[in-house]
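Content type compact mmCIF, N, CA and C atoms, from the file data07.txt:
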# COMPACT_ATOMS: atom_id res chain seq x y z
N GLN A 1 17.99 14.89 33.30
CA GLN A 1 18.51 15.35 32.02
C GLN A 1 19.01 14.18 31.17
N GLU A 2 19.76 13.31 31.79
CA GLU A 2 20.32 12.16 31.07
C GLU A 2 19.20 11.26 30.53
N GLU A 3 18.18 11.04 31.34
CA GLU A 3 17.05 10.21 30.92
C GLU A 3 16.32 10.85 29.74
N ILE A 4 16.17 12.15 29.79
CA ILE A 4 15.49 12.86 28.71
C ILE A 4 16.28 12.73 27.41
N LYS A 5 17.59 12.86 27.50
CA LYS A 5 18.42 12.71 26.29
C LYS A 5 18.31 11.30 25.73
N LYS A 6 18.30 10.30 26.60
CA LYS A 6 18.16 8.91 26.15
C LYS A 6 16.82 8.71 25.46
N LEU A 7 15.78 9.27 26.04
CA LEU A 7 14.44 9.14 25.44
C LEU A 7 14.37 9.86 24.09
N GLU A 8 14.99 11.01 24.01
CA GLU A 8 15.00 11.75 22.74
C GLU A 8 15.75 10.98 21.66
N LEU A 9 16.87 10.38 22.03
CA LEU A 9 17.63 9.56 21.08
C LEU A 9 16.81 8.35 20.64
N LEU A 10 16.13 7.74 21.58
CA LEU A 10 15.29 6.60 21.26
C LEU A 10 14.14 7.00 20.34
N ARG A 11 13.52 8.14 20.62
CA ARG A 11 12.44 8.64 19.78
C ARG A 11 12.94 8.91 18.37
N ASP A 12 14.10 9.53 18.25
CA ASP A 12 14.67 9.81 16.93
C ASP A 12 14.96 8.52 16.18
N SER A 13 15.48 7.54 16.89
CA SER A 13 15.79 6.25 16.29
C SER A 13 14.51 5.57 15.78
N ILE A 14 13.47 5.60 16.58
CA ILE A 14 12.19 5.01 16.18
C ILE A 14 11.63 5.74 14.97
N SER A 15 11.74 7.05 14.97
CA SER A 15 11.25 7.85 13.86
C SER A 15 11.97 7.49 12.56
N LYS A 16 13.29 7.32 12.63
CA LYS A 16 14.07 6.94 11.45
C LYS A 16 13.64 5.57 10.93
N ILE A 17 13.42 4.64 11.85
CA ILE A 17 12.99 3.29 11.46
C ILE A 17 11.62 3.35 10.80
N GLN A 18 10.71 4.13 11.37
CA GLN A 18 9.37 4.26 10.79
C GLN A 18 9.43 4.88 9.40
N ASN A 19 10.26 5.88 9.23
CA ASN A 19 10.41 6.50 7.91
C ASN A 19 10.96 5.52 6.90
N GLN A 20 11.94 4.73 7.31
CA GLN A 20 12.53 3.73 6.42
C GLN A 20 11.47 2.69 6.02
N LYS A 21 10.68 2.25 6.97
CA LYS A 21 9.63 1.27 6.69
C LYS A 21 8.59 1.86 5.72
N LYS A 22 8.28 3.14 5.92
CA LYS A 22 7.32 3.82 5.05
C LYS A 22 7.85 3.86 3.62
N ILE A 23 9.12 4.19 3.47
CA ILE A 23 9.75 4.24 2.14
C ILE A 23 9.74 2.86 1.50
N GLU A 24 10.09 1.84 2.28
CA GLU A 24 10.10 0.47 1.76
C GLU A 24 8.69 0.06 1.33
N ASN A 25 7.70 0.42 2.12
CA ASN A 25 6.32 0.07 1.78
C ASN A 25 5.89 0.78 0.50
N GLN A 26 6.26 2.05 0.36
CA GLN A 26 5.91 2.80 -0.86
C GLN A 26 6.57 2.16 -2.08
N GLU A 27 7.78 1.68 -1.93
CA GLU A 27 8.47 1.03 -3.04
C GLU A 27 7.78 -0.28 -3.41
N LYS A 28 7.33 -1.02 -2.40
CA LYS A 28 6.62 -2.28 -2.66
C LYS A 28 5.30 -2.01 -3.40
N VAL A 29 4.57 -1.01 -2.94
CA VAL A 29 3.31 -0.66 -3.59
C VAL A 29 3.56 -0.22 -5.03
N ALA A 30 4.58 0.56 -5.26
CA ALA A 30 4.91 1.00 -6.62
C ALA A 30 5.22 -0.19 -7.51
N LYS A 31 5.90 -1.19 -6.98
CA LYS A 31 6.23 -2.39 -7.74
C LYS A 31 4.95 -3.17 -8.06
N VAL A 32 4.04 -3.26 -7.10
CA VAL A 32 2.76 -3.93 -7.33
C VAL A 32 1.98 -3.20 -8.42
N VAL A 33 1.94 -1.88 -8.35
CA VAL A 33 1.23 -1.08 -9.35
C VAL A 33 1.84 -1.32 -10.74
N GLU A 34 3.14 -1.28 -10.80
CA GLU A 34 3.82 -1.51 -12.08
C GLU A 34 3.46 -2.89 -12.64
N THR A 35 3.43 -3.88 -11.78
CA THR A 35 3.07 -5.24 -12.20
C THR A 35 1.63 -5.29 -12.69
N LEU A 36 0.72 -4.70 -11.92
CA LEU A 36 -0.70 -4.72 -12.31
C LEU A 36 -0.93 -3.99 -13.62
N GLN A 37 -0.19 -2.92 -13.86
CA GLN A 37 -0.35 -2.14 -15.09
C GLN A 37 0.07 -2.93 -16.33
N THR A 38 1.00 -3.87 -16.16
CA THR A 38 1.50 -4.61 -17.32
C THR A 38 0.76 -5.92 -17.55
N MET A 39 -0.02 -6.37 -16.57
CA MET A 39 -0.77 -7.62 -16.70
C MET A 39 -2.05 -7.38 -17.51
N SER A 40 -2.64 -8.48 -17.98
CA SER A 40 -3.96 -8.35 -18.58
C SER A 40 -4.93 -7.93 -17.47
N ALA A 41 -6.02 -7.29 -17.86
CA ALA A 41 -7.00 -6.84 -16.86
C ALA A 41 -7.57 -8.03 -16.08
N LYS A 42 -7.78 -9.14 -16.76
CA LYS A 42 -8.33 -10.33 -16.11
C LYS A 42 -7.36 -10.86 -15.05
N ALA A 43 -6.09 -10.97 -15.40
CA ALA A 43 -5.08 -11.45 -14.45
C ALA A 43 -4.90 -10.47 -13.31
N ALA A 44 -4.93 -9.18 -13.62
CA ALA A 44 -4.78 -8.16 -12.58
C ALA A 44 -5.96 -8.21 -11.61
N ALA A 45 -7.16 -8.45 -12.12
CA ALA A 45 -8.34 -8.56 -11.26
C ALA A 45 -8.20 -9.72 -10.29
N LYS A 46 -7.72 -10.85 -10.79
CA LYS A 46 -7.51 -12.02 -9.92
C LYS A 46 -6.46 -11.73 -8.86
N LEU A 47 -5.38 -11.09 -9.26
CA LEU A 47 -4.31 -10.79 -8.33
C LEU A 47 -4.78 -9.81 -7.26
N LEU A 48 -5.44 -8.75 -7.66
CA LEU A 48 -5.94 -7.75 -6.70
C LEU A 48 -6.92 -8.39 -5.72
N ALA A 49 -7.78 -9.24 -6.22
CA ALA A 49 -8.79 -9.88 -5.36
C ALA A 49 -8.15 -10.82 -4.35
N SER A 50 -6.99 -11.36 -4.69
CA SER A 50 -6.36 -12.34 -3.80
C SER A 50 -5.38 -11.73 -2.80
N MET A 51 -4.97 -10.49 -3.03
CA MET A 51 -3.98 -9.90 -2.12
C MET A 51 -4.65 -9.27 -0.91
N GLU A 52 -3.84 -8.99 0.08
CA GLU A 52 -4.32 -8.37 1.32
C GLU A 52 -4.99 -7.04 0.98
N ASP A 53 -6.14 -6.80 1.59
CA ASP A 53 -6.97 -5.65 1.22
C ASP A 53 -6.24 -4.31 1.28
N SER A 54 -5.48 -4.08 2.34
CA SER A 54 -4.82 -2.77 2.46
C SER A 54 -3.78 -2.56 1.36
N LEU A 55 -3.09 -3.63 0.97
CA LEU A 55 -2.13 -3.53 -0.13
C LEU A 55 -2.85 -3.30 -1.44
N ALA A 56 -3.96 -4.01 -1.64
CA ALA A 56 -4.75 -3.84 -2.86
C ALA A 56 -5.24 -2.40 -2.99
N VAL A 57 -5.75 -1.85 -1.90
CA VAL A 57 -6.27 -0.48 -1.92
C VAL A 57 -5.14 0.52 -2.16
N ALA A 58 -4.00 0.30 -1.52
CA ALA A 58 -2.86 1.20 -1.73
C ALA A 58 -2.44 1.19 -3.19
N ALA A 59 -2.43 0.03 -3.81
CA ALA A 59 -2.07 -0.08 -5.22
C ALA A 59 -3.13 0.57 -6.10
N MET A 60 -4.39 0.31 -5.78
CA MET A 60 -5.49 0.87 -6.57
C MET A 60 -5.48 2.39 -6.55
N ASN A 61 -5.13 2.97 -5.42
CA ASN A 61 -5.08 4.42 -5.29
C ASN A 61 -4.03 5.06 -6.20
N GLN A 62 -3.06 4.27 -6.64
CA GLN A 62 -1.99 4.80 -7.49
C GLN A 62 -2.16 4.45 -8.96
N MET A 63 -3.20 3.69 -9.27
CA MET A 63 -3.38 3.25 -10.64
C MET A 63 -4.17 4.26 -11.48
N ASP A 64 -3.96 4.20 -12.77
CA ASP A 64 -4.71 4.98 -13.73
C ASP A 64 -6.19 4.61 -13.63
N THR A 65 -7.07 5.58 -13.58
CA THR A 65 -8.50 5.34 -13.36
C THR A 65 -9.12 4.46 -14.44
N ALA A 66 -8.80 4.72 -15.69
CA ALA A 66 -9.37 3.93 -16.78
C ALA A 66 -8.93 2.47 -16.68
N ARG A 67 -7.66 2.26 -16.39
CA ARG A 67 -7.13 0.90 -16.24
C ARG A 67 -7.78 0.21 -15.04
N LEU A 68 -7.90 0.93 -13.95
CA LEU A 68 -8.51 0.37 -12.75
C LEU A 68 -9.96 -0.01 -13.00
N ALA A 69 -10.68 0.81 -13.73
CA ALA A 69 -12.08 0.51 -14.04
C ALA A 69 -12.21 -0.80 -14.80
N LYS A 70 -11.32 -1.03 -15.77
CA LYS A 70 -11.35 -2.29 -16.53
C LYS A 70 -11.11 -3.47 -15.61
N ILE A 71 -10.16 -3.32 -14.70
CA ILE A 71 -9.84 -4.39 -13.77
C ILE A 71 -11.01 -4.66 -12.82
N MET A 72 -11.58 -3.59 -12.28
CA MET A 72 -12.69 -3.74 -11.33
C MET A 72 -13.92 -4.37 -11.99
N ASN A 73 -14.14 -4.08 -13.26
CA ASN A 73 -15.27 -4.68 -13.98
C ASN A 73 -15.15 -6.19 -14.08
N LEU A 74 -13.93 -6.70 -14.06
CA LEU A 74 -13.71 -8.14 -14.18
C LEU A 74 -13.67 -8.85 -12.82
N MET A 75 -13.68 -8.09 -11.77
CA MET A 75 -13.59 -8.65 -10.43
C MET A 75 -14.98 -9.04 -9.92
N GLU A 76 -15.04 -10.02 -9.05
CA GLU A 76 -16.30 -10.39 -8.41
C GLU A 76 -16.90 -9.15 -7.75
N SER A 77 -18.20 -8.96 -7.92
CA SER A 77 -18.83 -7.71 -7.48
C SER A 77 -18.70 -7.47 -5.97
N ASN A 78 -18.77 -8.51 -5.16
CA ASN A 78 -18.63 -8.32 -3.71
C ASN A 78 -17.24 -7.79 -3.36
N LYS A 79 -16.22 -8.37 -3.97
CA LYS A 79 -14.85 -7.94 -3.69
C LYS A 79 -14.61 -6.54 -4.25
N SER A 80 -15.12 -6.29 -5.43
CA SER A 80 -14.98 -4.96 -6.03
C SER A 80 -15.61 -3.89 -5.16
N SER A 81 -16.81 -4.17 -4.66
CA SER A 81 -17.50 -3.23 -3.79
C SER A 81 -16.73 -2.99 -2.49
N GLN A 82 -16.24 -4.07 -1.92
CA GLN A 82 -15.48 -3.98 -0.66
C GLN A 82 -14.24 -3.11 -0.84
N LEU A 83 -13.49 -3.35 -1.90
CA LEU A 83 -12.26 -2.58 -2.13
C LEU A 83 -12.59 -1.13 -2.47
N THR A 84 -13.66 -0.91 -3.21
CA THR A 84 -14.07 0.46 -3.55
C THR A 84 -14.44 1.24 -2.29
N GLU A 85 -15.17 0.59 -1.38
CA GLU A 85 -15.54 1.24 -0.12
C GLU A 85 -14.30 1.58 0.69
N MET A 86 -13.33 0.67 0.70
CA MET A 86 -12.09 0.94 1.44
C MET A 86 -11.33 2.10 0.80
N MET A 87 -11.35 2.19 -0.51
CA MET A 87 -10.68 3.30 -1.21
C MET A 87 -11.31 4.63 -0.82
N ALA A 88 -12.63 4.61 -0.72
CA ALA A 88 -13.36 5.83 -0.40
C ALA A 88 -13.15 6.27 1.06
N GLY A 89 -12.72 5.32 1.87
CA GLY A 89 -12.46 5.64 3.27
C GLY A 89 -13.69 5.46 4.06
For this file, produce the structure as C-alpha cells.
Amino acid sequence: QEEIKKLELLRDSISKIQNQKKIENQEKVAKVVETLQTMSAKAAAKLLASMEDSLAVAAMNQMDTARLAKIMNLMESNKSSQLTEMMAG
C-alpha cells in the first residue's frame, strides 16, 4: 500500500511537471508566431528556415494561412517542401 501511494504521488508530480512544460512550450511557440507575424515575409522565411524543424512546424500551424503562404513562397523550395510535409503529418 505504501509503495503504491508513493508511486501515485510520483506519477502526479511527473504529470504536473509535464503539464507545466507543455504550457511553457505553448507560450514559446506563441511568442515565435507573434514575432514571425510582425517581421517582413523575407526575414520570417529566413528565420523559419533556420530554426529547429519541430518548432518551425508548431509555429506554422498557428499562423494565418495567407501570411504563411507569403513566407513559404520566399523560402528555399526544399526547406518549404520539408516543412509542409511535416505540417501535413
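Interatomic distance, atom CA of Asn78 of chain A to atom C of Ala49 of chain A: 10.8 Å.
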Check your understanding: Could you state the separation of atom CA of Leu9 of chain A and atom CA of Lys28 of chain A in Å, given to one decimal place?
Key -> 28.7 Å
Exercise for review: Give me, please, the distance in Å between atom N of Glu34 of chain A and atom N of Ala59 of chain A, quoted to one decimal.
Suggested key: 9.0 Å
Review point. Pick the closest to Ala45 of chain A from A:Ile4, A:Met72, A:Val32, A:Met86: which is it, counting all atoms listed in the file?
Key: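 The shortest atom-to-atom distance to Ala45 of chain A comes from A:Met72.
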Check your understanding: Closest to Asn73 of chain A among A:Glu24, A:Lys6, A:Arg11, A:Ala41, using only C-alpha atoms?
Key ->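 Nearest to Asn73 of chain A: A:Ala41.
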Review point. Counting only C-alpha atoms, which of A:Leu7, A:Met51, A:Ile23, A:Ala43 gets nearest to Lys79 of chain A?
Key: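 With only C-alpha atoms as the atom set, the closest residue is A:Met51.
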Exercise for review: For Leu74 of chain A, please output as an NGL selection string all residues within 8 Å (counting all atoms listed in the file; exclusion window: fewer than 5 positions along the same chain).
Suggested key: :A and (41-42 or 44-46 or 68-69 or 80)
Check your understanding: If we count only C-alpha atoms, what is near Gln62 of chain A at a cut-off of 12 Å, once residues fewer than 5 positions away on the same chain are taken out, given as a VMD selection string?
Key -> chain A and resid 26 to 27 29 to 34 36 to 37 55 to 57 67 to 68 87
Taking the structure I provided as the source, export segment 61-75 of chain A with all heavy atoms, as an mmCIF file, in the first residue's frame.
data_model
loop_
_atom_site.group_PDB
_atom_site.id
_atom_site.type_symbol
_atom_site.label_atom_id
_atom_site.label_comp_id
_atom_site.auth_asym_id
_atom_site.auth_seq_id
_atom_site.Cartn_x
_atom_site.Cartn_y
_atom_site.Cartn_z
ATOM 1 N N ASN A 61 1.793 26.071 -37.826
ATOM 2 C CA ASN A 61 0.433 25.584 -37.589
ATOM 3 C C ASN A 61 -0.463 26.634 -36.948
ATOM 4 O O ASN A 61 -1.683 26.541 -37.034
ATOM 5 C CB ASN A 61 0.458 24.329 -36.723
ATOM 6 C CG ASN A 61 0.799 23.090 -37.511
ATOM 7 O OD1 ASN A 61 0.441 22.962 -38.671
ATOM 8 N ND2 ASN A 61 1.495 22.172 -36.883
ATOM 9 N N GLN A 62 0.136 27.633 -36.315
ATOM 10 C CA GLN A 62 -0.650 28.664 -35.637
ATOM 11 C C GLN A 62 -0.726 29.974 -36.423
ATOM 12 O O GLN A 62 -1.379 30.917 -35.994
ATOM 13 C CB GLN A 62 -0.060 28.936 -34.246
ATOM 14 C CG GLN A 62 -0.165 27.756 -33.315
ATOM 15 C CD GLN A 62 0.344 28.075 -31.926
ATOM 16 O OE1 GLN A 62 0.396 29.219 -31.506
ATOM 17 N NE2 GLN A 62 0.730 27.044 -31.196
ATOM 18 N N MET A 63 -0.063 30.014 -37.558
ATOM 19 C CA MET A 63 -0.025 31.253 -38.327
ATOM 20 C C MET A 63 -1.213 31.375 -39.283
ATOM 21 O O MET A 63 -1.794 30.379 -39.700
ATOM 22 C CB MET A 63 1.284 31.336 -39.123
ATOM 23 C CG MET A 63 2.502 31.515 -38.241
ATOM 24 S SD MET A 63 4.015 31.646 -39.188
ATOM 25 C CE MET A 63 3.779 33.266 -39.912
ATOM 26 N N ASP A 64 -1.529 32.604 -39.621
ATOM 27 C CA ASP A 64 -2.534 32.907 -40.625
ATOM 28 C C ASP A 64 -2.101 32.304 -41.964
ATOM 29 O O ASP A 64 -0.939 32.444 -42.365
ATOM 30 C CB ASP A 64 -2.668 34.429 -40.737
ATOM 31 C CG ASP A 64 -3.587 34.843 -41.855
ATOM 32 O OD1 ASP A 64 -4.800 34.607 -41.740
ATOM 33 O OD2 ASP A 64 -3.081 35.396 -42.851
ATOM 34 N N THR A 65 -3.001 31.637 -42.648
ATOM 35 C CA THR A 65 -2.663 30.914 -43.880
ATOM 36 C C THR A 65 -2.108 31.835 -44.963
ATOM 37 O O THR A 65 -1.119 31.502 -45.618
ATOM 38 C CB THR A 65 -3.899 30.158 -44.423
ATOM 39 O OG1 THR A 65 -4.379 29.291 -43.390
ATOM 40 C CG2 THR A 65 -3.560 29.339 -45.638
ATOM 41 N N ALA A 66 -2.727 32.982 -45.154
ATOM 42 C CA ALA A 66 -2.266 33.915 -46.192
ATOM 43 C C ALA A 66 -0.855 34.409 -45.887
ATOM 44 O O ALA A 66 0.002 34.481 -46.776
ATOM 45 C CB ALA A 66 -3.228 35.083 -46.313
ATOM 46 N N ARG A 67 -0.607 34.732 -44.635
ATOM 47 C CA ARG A 67 0.723 35.193 -44.221
ATOM 48 C C ARG A 67 1.745 34.073 -44.389
ATOM 49 O O ARG A 67 2.850 34.292 -44.883
ATOM 50 C CB ARG A 67 0.658 35.662 -42.758
ATOM 51 C CG ARG A 67 1.978 35.986 -42.142
ATOM 52 C CD ARG A 67 2.509 37.313 -42.585
ATOM 53 N NE ARG A 67 3.713 37.620 -41.825
ATOM 54 C CZ ARG A 67 4.716 38.309 -42.303
ATOM 55 N NH1 ARG A 67 4.648 38.813 -43.510
ATOM 56 N NH2 ARG A 67 5.781 38.546 -41.577
ATOM 57 N N LEU A 68 1.374 32.878 -43.995
ATOM 58 C CA LEU A 68 2.274 31.740 -44.111
ATOM 59 C C LEU A 68 2.608 31.454 -45.572
ATOM 60 O O LEU A 68 3.757 31.149 -45.899
ATOM 61 C CB LEU A 68 1.665 30.504 -43.441
ATOM 62 C CG LEU A 68 2.517 29.234 -43.465
ATOM 63 C CD1 LEU A 68 3.870 29.462 -42.795
ATOM 64 C CD2 LEU A 68 1.776 28.097 -42.780
ATOM 65 N N ALA A 69 1.637 31.572 -46.440
ATOM 66 C CA ALA A 69 1.868 31.340 -47.870
ATOM 67 C C ALA A 69 2.912 32.305 -48.416
ATOM 68 O O ALA A 69 3.805 31.907 -49.180
ATOM 69 C CB ALA A 69 0.559 31.475 -48.640
ATOM 70 N N LYS A 70 2.826 33.577 -48.029
ATOM 71 C CA LYS A 70 3.812 34.567 -48.473
ATOM 72 C C LYS A 70 5.205 34.192 -48.000
ATOM 73 O O LYS A 70 6.183 34.295 -48.741
ATOM 74 C CB LYS A 70 3.442 35.959 -47.952
ATOM 75 C CG LYS A 70 2.231 36.565 -48.605
ATOM 76 C CD LYS A 70 1.911 37.914 -48.002
ATOM 77 C CE LYS A 70 0.612 38.461 -48.579
ATOM 78 N NZ LYS A 70 0.217 39.727 -47.957
ATOM 79 N N ILE A 71 5.291 33.754 -46.757
ATOM 80 C CA ILE A 71 6.580 33.366 -46.183
ATOM 81 C C ILE A 71 7.139 32.136 -46.892
ATOM 82 O O ILE A 71 8.314 32.097 -47.269
ATOM 83 C CB ILE A 71 6.444 33.123 -44.659
ATOM 84 C CG1 ILE A 71 6.130 34.440 -43.941
ATOM 85 C CG2 ILE A 71 7.689 32.464 -44.094
ATOM 86 C CD1 ILE A 71 5.708 34.278 -42.495
ATOM 87 N N MET A 72 6.283 31.134 -47.091
ATOM 88 C CA MET A 72 6.732 29.890 -47.723
ATOM 89 C C MET A 72 7.180 30.124 -49.170
ATOM 90 O O MET A 72 8.092 29.468 -49.642
ATOM 91 C CB MET A 72 5.617 28.846 -47.679
ATOM 92 C CG MET A 72 5.177 28.451 -46.287
ATOM 93 S SD MET A 72 6.430 27.597 -45.340
ATOM 94 C CE MET A 72 6.254 25.960 -46.006
ATOM 95 N N ASN A 73 6.551 31.062 -49.858
ATOM 96 C CA ASN A 73 6.945 31.382 -51.236
ATOM 97 C C ASN A 73 8.363 31.930 -51.313
ATOM 98 O O ASN A 73 9.020 31.801 -52.341
ATOM 99 C CB ASN A 73 5.975 32.379 -51.868
ATOM 100 C CG ASN A 73 4.695 31.724 -52.329
ATOM 101 O OD1 ASN A 73 4.675 30.546 -52.664
ATOM 102 N ND2 ASN A 73 3.621 32.491 -52.341
ATOM 103 N N LEU A 74 8.821 32.554 -50.240
ATOM 104 C CA LEU A 74 10.154 33.144 -50.225
ATOM 105 C C LEU A 74 11.230 32.177 -49.701
ATOM 106 O O LEU A 74 12.411 32.480 -49.772
ATOM 107 C CB LEU A 74 10.151 34.414 -49.365
ATOM 108 C CG LEU A 74 9.278 35.544 -49.902
ATOM 109 C CD1 LEU A 74 9.150 36.658 -48.878
ATOM 110 C CD2 LEU A 74 9.848 36.079 -51.208
ATOM 111 N N MET A 75 10.805 31.050 -49.218
ATOM 112 C CA MET A 75 11.720 30.070 -48.645
ATOM 113 C C MET A 75 12.276 29.164 -49.741
ATOM 114 O O MET A 75 11.622 28.955 -50.768
ATOM 115 C CB MET A 75 10.951 29.229 -47.604
ATOM 116 C CG MET A 75 11.803 28.518 -46.607
ATOM 117 S SD MET A 75 10.774 27.621 -45.406
ATOM 118 C CE MET A 75 10.136 28.961 -44.424
#
